[in-house]
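Here the structure is laid out as structure tokens; the discussion comes afterwards.
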Amino acid sequence: MIDNHILAAIFVHLITAILQLIAWRKTITQRYLSVGGTFLALIVAIRLFEKVYTDGTLTLNASNWEAPFGIVFVADLLAVTLVLLTSIAGFAVSIFSTTGLSRQRMMYGYFPIFHFLLMGLIGAFLTGDIFNLYVWFEVIIISSFVLMTLGGRKAQLEGAIKYMALNILASMFFLTGIGILYGITGSLNMADLALKIQAVKNQTLIGITSIFFILGFGIKSAVFPLYYWLPSSYHTPPSAVAATFGGLLTKVGIYAMLRVFSLIFIPDEFTKQLLLVIAVLTILTGTLGALVKTNVRRLFSYLIVCHIGFMVGGLAMFTKIALMGTIFYLIHDIMVKTNMFLIAGVIRQLRGSMDLAKLGGIYGEYPKISLLIAIVLFSLVGIPPLSGFWPKIFLFQEAFGQGQYFFVAALIVGSLATLYVIAQLWSEVFWKNPPDPSVLENKFEPMPLFKKILLVLPVAILAGASLYIGLYAEGVVQVADRISNELIDTTPYIEAVLGPKR
Amino acid sequence: MRSTILQTATRYLLPILLLFSVFLLLRGHYFPGGGFVGGLVASIAFVLHSFANGAEASMKIMRRKPLSLIPIGLGLAVLSVIIPTFFGYPPMTGLWLEEKFPVIGSVGTALFFDIGVYLVVLGVVLTILFTISLTQD
């Protein structure tokens, strides 16, 4: 069904960014615009989700060019779910940024770039054209590169160079893959590609091409041999920026993998084995990294890597239940990981440090905030009624059913290590007495009340979303169920784009 | 070092180059040319002026900061993208007026998109160049 309004969220962010450029250097106006813009985008995203959930996949032919020739935007359930989650995370980060960020960074255009980044993310989720996906990836990379270097501290530049070098390499692999694909089939529309690829005689060539996509998206989503740029760059930018990156950027890689490997390349035995090996190793390396780190944000960075492995593993098994696990985990992970970095920012405001050895005693001073944070940490670990628990059931069930015992073992190790790391974090940061209270500076206490609220409210919003996902798991499972059906049987997607079978 | 020859030549070249950039912009839609090239040629005109007279003098004849051209250009481009949706077409559809204007030719949303690109390119190039040349002094 054609609907001309599915791009509304993109335009909301674009127009917000333009208005903020007009209000260049007027940081207070920019703050109001940013919160207003992300709120409007959230409402638009909710409406789009409702519409797609009831009416099915919507499409839009940009410039009024018919589907296989022009660029088409497709809002299927997977895309709109991610748009919705991005909008929730964007709204929370935007509120947090109003107080959690130095005025210096706002002067140099933090807010406009932040909105360009969100626009790029939403565009990447909605597009139905593989070259257009590449273009959105570029929008994301360029915005994220500016955000990462904004402020220009030495550590930031060092992290940014690693980040940019690896991401440009990823884009090159991705672009090469697209080039070969276009050479073979003569099409860039993903639905059209799905049909044309099946008719290609030389399936080995298709298999080799798919490796380019695994490499490209693998670097972006930080899987095993290609992950090391992530922990060495995510601890450098301010927490508000790291929250957007940690929650959303690696997940775009996972989304792209889900899309490309369900629609264009149907994974064969070799690809499945490859992805499964990658998943197991990603979980193990992420775990080992998280166990030894003593800085809160470095530790969270390794946990991101670890949990990316869970999702890749679900994709590798490629059955309905495994995909449900992956999608549920994706939904849960975006909310929790964004929140983790916001929490790191709150801890920094409370204590002026992120080093585990120096921190301590937050629970004694701020029991309410600590309990709020505890909800998030419990969700991450996956204590039963909370959101991290449900997707793991699906993953365990399917891995046992298929007899993938290495993956089962990796899941167990990964979950236990997450539990251990979080328990250690809790005791170090919240319970123990700080070894030397005089070195700690509390920026939080002298703040006026509304600023305190602005810092804690986003954590509460995202914690609420996590609670909702956990306690109302039935609804989320239904969404995940429908998405995984759409991923396995792609005919509705193809028919929505190209029209009924001719 | 100021060269009288360059300064005198620039006085005539600046308007000609600007006119040429507008010509490229209007030629755009169906022939080689368009907003991007036009914007580059226009920014070259100002760069030439800044070579001859110094960056401060160029900033003065620009009247406003080049940075402020970027949101205006982006806004114009976004408007031209959104307008078709009010007539029930998908975004970015090219809508054209029936009769042609003298000199300008056909007027449509694509023209406004090109003007937007022209302003953004001009703004970005000049912002970068002026920032570099003014910090060196």
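Here, A, B, ... name the chains of the structure tokens in the order displayed, residue numbers run from 1 inside each chain, and ligands are numbered from 1 in the same displayed order.
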Should the cut-off be 7 Å, what would the residue list for chain B against chain A look like, counting only C-alpha atoms, as an MDAnalysis selection string?
chainID B and resid 68 71 74:75 85 89:94
Check chain B with DSSP on the backbone and list each residue it calls alpha helix (DSSP H), as a ChimeraX atom specification.
/B:4-27,35-53,55-62,69-86,109-136
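Take CA of Ile469 in chain A and CA of Ile393 in chain A: the distance between them is 14.7 Å.
Around Tyr234 in chain A, within 9 Å and counting only C-alpha atoms, the residues found are A:Met148, A:Gly159, A:Ala160, A:Tyr163, A:Trp229, A:Val241, A:Ala242, A:Phe245, A:Gly246, A:Arg297, A:Arg298, A:Ser301, once anything fewer than 5 positions away on its own chain is removed.
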Requested write-out: C-alpha atoms of the selected residues, as a CSV table (one decimal), in the first residue's frame:
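After the write, result.csv holds the following:
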chain,number,residue,atom,x,y,z
A,148,MET,CA,32.9,12.0,18.4
A,159,GLY,CA,39.4,7.3,19.4
A,160,ALA,CA,37.8,9.0,16.5
A,163,TYR,CA,36.5,4.7,14.6
A,229,TRP,CA,37.5,-0.1,17.2
A,241,VAL,CA,27.0,11.0,22.5
A,242,ALA,CA,28.2,7.6,23.7
A,245,PHE,CA,26.3,5.4,19.6
A,246,GLY,CA,26.2,2.5,22.1
A,297,ARG,CA,32.2,3.1,30.1
A,298,ARG,CA,35.0,0.7,28.8
A,301,SER,CA,31.6,-1.0,25.6
Do a neighbour search on range 101-112 of chain B at 10 Å with only C-alpha atoms, toss out local chain neighbours closer than 2 positions, and write the hits as an MDAnalysis selection string.
chainID B and resid 23 25:29 34:35 73 76:84 92:99 114:118
